[in-house]
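Novice: File follows, query-v7.cif with mmCIF, C-alpha atoms, pLDDT in the B column; chains and numbers go by the auth columns:
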```cif
data_upload
#
loop_
_atom_site.group_PDB
_atom_site.id
_atom_site.type_symbol
_atom_site.label_atom_id
_atom_site.label_comp_id
_atom_site.label_asym_id
_atom_site.label_seq_id
_atom_site.Cartn_x
_atom_site.Cartn_y
_atom_site.Cartn_z
_atom_site.B_iso_or_equiv
_atom_site.auth_seq_id
_atom_site.auth_asym_id
ATOM 1 C CA MET A 1 28.630 41.558 169.294 82.00 1417 L
ATOM 2 C CA PHE A 2 29.356 45.258 169.166 86.00 1418 L
ATOM 3 C CA TYR A 3 31.959 47.564 167.682 90.00 1419 L
ATOM 4 C CA ARG A 4 34.261 50.070 169.350 90.00 1420 L
ATOM 5 C CA VAL A 5 36.555 52.495 167.524 91.00 1421 L
ATOM 6 C CA SER A 6 38.781 53.166 170.529 91.00 1422 L
ATOM 7 C CA PRO A 7 39.814 51.347 173.713 91.00 1423 L
ATOM 8 C CA PHE A 8 37.446 51.310 176.674 89.00 1424 L
ATOM 9 C CA THR A 9 38.081 53.951 179.320 92.00 1425 L
ATOM 10 C CA SER A 10 34.868 53.365 181.270 90.00 1426 L
ATOM 11 C CA LEU A 11 32.128 50.767 181.578 87.00 1427 L
ATOM 12 C CA GLU A 12 29.751 53.448 180.277 89.00 1428 L
ATOM 13 C CA ASP A 13 31.693 53.973 177.006 92.00 1429 L
ATOM 14 C CA PRO A 14 29.426 53.704 173.954 90.00 1430 L
ATOM 15 C CA LEU A 15 28.984 50.511 171.980 91.00 1431 L
ATOM 16 C CA TYR A 16 28.165 50.546 168.271 91.00 1432 L
ATOM 17 C CA HIS A 17 26.114 48.311 165.988 88.00 1433 L
ATOM 18 C CA THR A 18 28.165 46.035 163.755 88.00 1434 L
ATOM 19 C CA ASN A 19 27.783 45.492 160.046 88.00 1435 L
ATOM 20 C CA LEU A 20 28.214 41.724 160.094 84.00 1436 L
ATOM 21 C CA PRO A 21 25.738 39.539 158.200 82.00 1437 L
ATOM 22 C CA ASN A 22 25.347 36.860 160.885 79.00 1438 L
ATOM 23 C CA VAL A 23 24.282 39.373 163.532 79.00 1439 L
ATOM 24 C CA ARG A 24 20.697 40.364 164.384 76.00 1440 L
ATOM 25 C CA GLY A 25 20.441 44.026 163.457 70.00 1441 L
ATOM 26 C CA ALA A 26 17.180 45.419 164.824 72.00 1442 L
ATOM 27 C CA PRO A 27 18.017 48.115 167.410 69.00 1443 L
ATOM 28 C CA GLY A 28 15.966 48.027 170.575 64.00 1444 L
ATOM 29 C CA HIS A 29 14.974 44.425 169.891 60.00 1445 L
ATOM 30 C CA TYR A 30 15.625 41.941 172.681 59.00 1446 L
ATOM 31 C CA GLY A 31 18.689 40.150 171.379 65.00 1447 L
ATOM 32 C CA SER A 32 19.793 42.935 169.039 72.00 1448 L
ATOM 33 C CA GLN A 33 23.405 42.402 167.991 74.00 1449 L
ATOM 34 C CA ARG A 34 23.267 38.709 168.928 77.00 1450 L
ATOM 35 C CA VAL A 35 25.376 36.483 166.729 76.00 1451 L
ATOM 36 C CA CYS A 36 23.929 33.517 164.857 74.00 1452 L
ATOM 37 C CA LEU A 37 26.327 30.599 165.302 71.00 1453 L
ATOM 38 C CA ARG A 38 24.096 28.062 163.477 67.00 1454 L
ATOM 39 C CA TYR A 39 24.172 25.901 166.565 65.00 1455 L
ATOM 40 C CA ARG A 40 25.497 26.218 170.092 62.00 1456 L
ATOM 41 C CA PRO A 41 29.195 25.276 170.040 64.00 1457 L
ATOM 42 C CA GLU A 42 29.691 22.366 172.441 70.00 1458 L
ATOM 43 C CA MET A 43 33.270 23.461 173.138 65.00 1459 L
ATOM 44 C CA ILE A 44 32.013 26.246 175.417 70.00 1460 L
ATOM 45 C CA GLU A 45 29.445 24.233 177.379 73.00 1461 L
ATOM 46 C CA GLY A 46 30.363 24.466 181.060 74.00 1462 L
ATOM 47 C CA ALA A 47 33.748 26.053 180.343 73.00 1463 L
ATOM 48 C CA PRO A 48 34.870 29.069 182.389 74.00 1464 L
ATOM 49 C CA LEU A 49 34.425 32.417 180.616 69.00 1465 L
ATOM 50 C CA VAL A 50 38.191 32.933 180.398 74.00 1466 L
ATOM 51 C CA GLU A 51 38.407 29.743 178.294 77.00 1467 L
ATOM 52 C CA SER A 52 35.138 29.912 176.386 76.00 1468 L
ATOM 53 C CA ALA A 53 35.391 33.522 175.148 77.00 1469 L
ATOM 54 C CA PRO A 54 38.541 33.018 173.013 82.00 1470 L
ATOM 55 C CA LYS A 55 37.166 29.718 171.683 80.00 1471 L
ATOM 56 C CA LEU A 56 33.882 31.342 170.752 79.00 1472 L
ATOM 57 C CA ILE A 57 35.640 34.230 168.989 81.00 1473 L
ATOM 58 C CA ASP A 58 37.797 31.777 166.998 82.00 1474 L
ATOM 59 C CA PHE A 59 34.696 29.743 166.143 80.00 1475 L
ATOM 60 C CA PHE A 60 32.830 32.860 164.957 79.00 1476 L
ATOM 61 C CA TRP A 61 35.607 34.105 162.656 80.00 1477 L
ATOM 62 C CA SER A 62 36.413 30.654 161.233 80.00 1478 L
ATOM 63 C CA THR A 63 32.852 29.769 160.160 75.00 1479 L
ATOM 64 C CA GLY A 64 31.219 30.993 156.985 74.00 1480 L
ATOM 65 C CA PHE A 65 28.975 34.030 156.885 73.00 1481 L
ATOM 66 C CA ASN A 66 25.575 33.836 155.241 70.00 1482 L
ATOM 67 C CA GLN A 67 22.462 35.918 154.650 70.00 1483 L
ATOM 68 C CA ASP A 68 20.115 33.849 156.856 69.00 1484 L
ATOM 69 C CA ILE A 69 19.105 36.692 159.166 67.00 1485 L
ATOM 70 C CA ALA A 70 16.548 39.043 157.605 68.00 1486 L
ATOM 71 C CA GLY A 71 17.293 42.597 158.710 72.00 1487 L
ATOM 72 C CA SER A 72 20.838 41.633 159.668 79.00 1488 L
ATOM 73 C CA ALA A 73 23.351 44.142 160.951 84.00 1489 L
ATOM 74 C CA PHE A 74 24.962 44.068 157.498 85.00 1490 L
ATOM 75 C CA GLU A 75 21.717 45.097 155.791 84.00 1491 L
ATOM 76 C CA ARG A 76 21.128 47.881 158.329 83.00 1492 L
ATOM 77 C CA ALA A 77 24.639 49.320 157.975 88.00 1493 L
ATOM 78 C CA GLN A 78 24.952 49.295 154.181 89.00 1494 L
ATOM 79 C CA GLU A 79 23.850 52.917 153.804 89.00 1495 L
ATOM 80 C CA ARG A 80 26.142 54.302 156.555 91.00 1496 L
ATOM 81 C CA ASP A 81 29.233 54.415 154.355 95.00 1497 L
ATOM 82 C CA PRO A 82 29.894 53.437 150.702 96.00 1498 L
ATOM 83 C CA ARG A 83 32.918 51.381 151.832 96.00 1499 L
ATOM 84 C CA ILE A 84 30.569 48.898 153.546 94.00 1500 L
ATOM 85 C CA ALA A 85 27.688 49.046 151.058 94.00 1501 L
ATOM 86 C CA SER A 86 28.575 45.607 149.667 91.00 1502 L
ATOM 87 C CA PHE A 87 30.997 42.806 150.370 89.00 1503 L
ATOM 88 C CA ALA A 88 33.029 43.812 147.306 94.00 1504 L
ATOM 89 C CA ALA A 89 33.232 47.441 148.481 95.00 1505 L
ATOM 90 C CA TRP A 90 34.222 46.267 151.957 92.00 1506 L
ATOM 91 C CA GLU A 91 36.989 44.061 150.513 95.00 1507 L
ATOM 92 C CA ALA A 92 38.301 46.866 148.268 97.00 1508 L
ATOM 93 C CA ALA A 93 38.308 49.373 151.139 97.00 1509 L
ATOM 94 C CA THR A 94 40.160 46.881 153.338 96.00 1510 L
ATOM 95 C CA GLN A 95 42.839 46.420 150.690 97.00 1511 L
ATOM 96 C CA GLN A 96 43.261 50.190 150.471 97.00 1512 L
ATOM 97 C CA ASP A 97 43.226 50.779 154.253 97.00 1513 L
ATOM 98 C CA PRO A 98 42.796 47.832 156.643 96.00 1514 L
ATOM 99 C CA LEU A 99 41.943 50.254 159.479 96.00 1515 L
ATOM 100 C CA PHE A 100 39.172 52.089 157.612 96.00 1516 L
ATOM 101 C CA PRO A 101 36.435 50.711 159.960 94.00 1517 L
ATOM 102 C CA LEU A 102 37.842 52.954 162.694 94.00 1518 L
ATOM 103 C CA GLN A 103 36.796 55.969 160.594 94.00 1519 L
ATOM 104 C CA ILE A 104 33.180 54.947 159.987 94.00 1520 L
ATOM 105 C CA ASP A 105 30.398 56.753 161.815 94.00 1521 L
ATOM 106 C CA TRP A 106 28.907 53.581 163.306 93.00 1522 L
ATOM 107 C CA GLU A 107 25.384 53.641 164.710 89.00 1523 L
ATOM 108 C CA PRO A 108 25.509 53.904 168.516 89.00 1524 L
ATOM 109 C CA THR A 109 23.487 51.490 170.612 87.00 1525 L
ATOM 110 C CA ALA A 110 21.682 52.211 173.842 83.00 1526 L
ATOM 111 C CA GLN A 111 23.731 49.456 175.501 83.00 1527 L
ATOM 112 C CA THR A 112 26.625 49.596 177.948 85.00 1528 L
ATOM 113 C CA ILE A 113 28.766 46.788 179.338 83.00 1529 L
ATOM 114 C CA PRO A 114 26.805 46.713 182.655 83.00 1530 L
ATOM 115 C CA GLY A 115 23.524 46.598 180.730 82.00 1531 L
ATOM 116 C CA LEU A 116 24.756 43.718 178.596 80.00 1532 L
ATOM 117 C CA TRP A 117 25.859 41.830 181.675 77.00 1533 L
ATOM 118 C CA LEU A 118 22.393 42.270 183.187 78.00 1534 L
ATOM 119 C CA GLU A 119 20.813 40.973 179.958 74.00 1535 L
ATOM 120 C CA CYS A 120 23.107 37.954 180.094 70.00 1536 L
ATOM 121 C CA LEU A 121 22.094 37.223 183.669 71.00 1537 L
ATOM 122 C CA GLU A 122 18.427 37.599 182.775 69.00 1538 L
ATOM 123 C CA LEU A 123 18.833 35.271 179.808 66.00 1539 L
ATOM 124 C CA HIS A 124 20.182 32.574 182.103 63.00 1540 L
ATOM 125 C CA GLY A 125 17.449 33.090 184.698 63.00 1541 L
ATOM 126 C CA GLU A 126 19.795 34.505 187.316 63.00 1542 L
ATOM 127 C CA THR A 127 17.533 37.384 188.275 62.00 1543 L
ATOM 128 C CA ASP A 128 14.136 37.780 189.871 57.00 1544 L
ATOM 129 C CA ARG A 129 12.809 39.575 186.774 64.00 1545 L
ATOM 130 C CA PRO A 130 10.415 37.139 185.074 65.00 1546 L
ATOM 131 C CA VAL A 131 10.290 36.494 181.354 70.00 1547 L
ATOM 132 C CA SER A 132 7.725 39.002 180.140 74.00 1548 L
ATOM 133 C CA THR A 133 7.141 38.199 176.470 78.00 1549 L
ATOM 134 C CA ALA A 134 6.780 35.155 174.259 79.00 1550 L
ATOM 135 C CA GLU A 135 9.778 36.408 172.288 80.00 1551 L
ATOM 136 C CA GLU A 136 11.982 36.309 175.387 75.00 1552 L
ATOM 137 C CA LEU A 137 10.786 32.773 176.170 75.00 1553 L
ATOM 138 C CA ALA A 138 11.445 31.645 172.592 77.00 1554 L
ATOM 139 C CA ASP A 139 14.956 33.092 172.778 75.00 1555 L
ATOM 140 C CA ILE A 140 15.666 31.172 176.005 71.00 1556 L
ATOM 141 C CA LEU A 141 14.261 27.907 174.613 72.00 1557 L
ATOM 142 C CA TYR A 142 16.323 28.300 171.432 73.00 1558 L
ATOM 143 C CA ARG A 143 19.505 28.476 173.519 69.00 1559 L
ATOM 144 C CA LEU A 144 18.878 25.327 175.564 68.00 1560 L
ATOM 145 C CA PRO A 145 21.365 22.530 174.807 63.00 1561 L
ATOM 146 C CA VAL A 146 20.107 19.689 172.626 59.00 1562 L
ATOM 147 C CA GLY A 147 18.348 17.022 174.699 54.00 1563 L
ATOM 148 C CA TYR A 148 17.719 19.346 177.637 48.00 1564 L
#
```
Using the file provided, produce a representation of the structure as structure tokens.
Specialist:
Amino acid sequence: MFYRVSPFTSLEDPLYHTNLPNVRGAPGHYGSQRVCLRYRPEMIEGAPLVESAPKLIDFFWSTGFNQDIAGSAFERAQERDPRIASFAAWEAATQQDPLFPLQIDWEPTAQTIPGLWLECLELHGETDRPVSTAEELADILYRLPVGY
């Protein structure tokens, strides 16, 4: 999950780190900005992307947030702007101006849409690039469906 403060005009447009608590926050880390969904939602298993993406977004926003991820995107972003320094500050700023996140100087990532797509393909083994670290293997095993 990434932020944008304006519409895309190119596949190379910058992506920004989020400040959401259920998102892995370590920049440069394999899986940075990945969302913790507690478990893999069965509703998207085998579904075409055009169907699964909206379902996954609804699932993400309708589940509760928690502080399970140490070094989450929320923790990393707290010092970027006082309006997102705490949940209470975030709520107050939203009441004052619901569009305030468009004004924040979000931390840019080194990612682009094509790069993310390549990562996705690699994660699913659809490339000739082998898994090169134990961390990458653990990430793949974690995402296997139950009983696989």
Novice: As a PyMOL selection string, please: the residues near region 1528-1536 of chain L (cut-off 7 Å, all atoms listed in the file, same-chain neighbours under 5 positions excluded).
Specialist: chain L and resi 1427-1431
Novice: Evaluating the PyMOL selection byres ((chain L and resi 1482) around 10) on the displayed file yields which residues, as an mmCIF file with C-alpha atoms, in the frame of the given file?
Specialist:
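Below is the file selection24.cif, written as the result:
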```cif
data_model
loop_
_atom_site.group_PDB
_atom_site.id
_atom_site.type_symbol
_atom_site.label_atom_id
_atom_site.label_comp_id
_atom_site.auth_asym_id
_atom_site.auth_seq_id
_atom_site.Cartn_x
_atom_site.Cartn_y
_atom_site.Cartn_z
ATOM 1 C CA LEU L 1436 28.214 41.724 160.094
ATOM 2 C CA PRO L 1437 25.738 39.539 158.200
ATOM 3 C CA ASN L 1438 25.347 36.860 160.885
ATOM 4 C CA CYS L 1452 23.929 33.517 164.857
ATOM 5 C CA THR L 1479 32.852 29.769 160.160
ATOM 6 C CA GLY L 1480 31.219 30.993 156.985
ATOM 7 C CA PHE L 1481 28.975 34.030 156.885
ATOM 8 C CA GLN L 1483 22.462 35.918 154.650
ATOM 9 C CA ASP L 1484 20.115 33.849 156.856
ATOM 10 C CA ILE L 1485 19.105 36.692 159.166
#
```
Novice: Which is closest to Arg1492 (chain L) among L:Val1421, L:Ile1473, L:Gly1441, L:Leu1557, if we use only C-alpha atoms?
Specialist: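 Under the stated criterion, the closest residue is L:Gly1441.
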Novice: Quick check, in Å to one decimal: how far apart do CA of Gln1494 (chain L) and CA of Arg1450 (chain L) lie?
Specialist: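 Separation between CA of Gln1494 (chain L) and CA of Arg1450 (chain L): 18.2 Å.
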Novice: Just give me the gap between CA of Gln1527 (chain L) and CA of Pro1514 (chain L) in Å, one decimal is fine.
Specialist: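 Between CA of Gln1527 (chain L) and CA of Pro1514 (chain L) the gap is 26.9 Å.
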Novice: Using the chain letters and numbering of this document, enumerate as an NGL selection string the residues selected by the PyMOL selection byres ((chain L and resi 1500-1509) around 12).
Specialist: :L and (1434-1437 or 1481-1483 or 1489-1499 or 1510-1517 or 1519-1522)
Novice: What is the CA of Thr1525 (chain L)-CA of Thr1425 (chain L) distance in Å, reported with one decimal?
Specialist: 17.2 Å
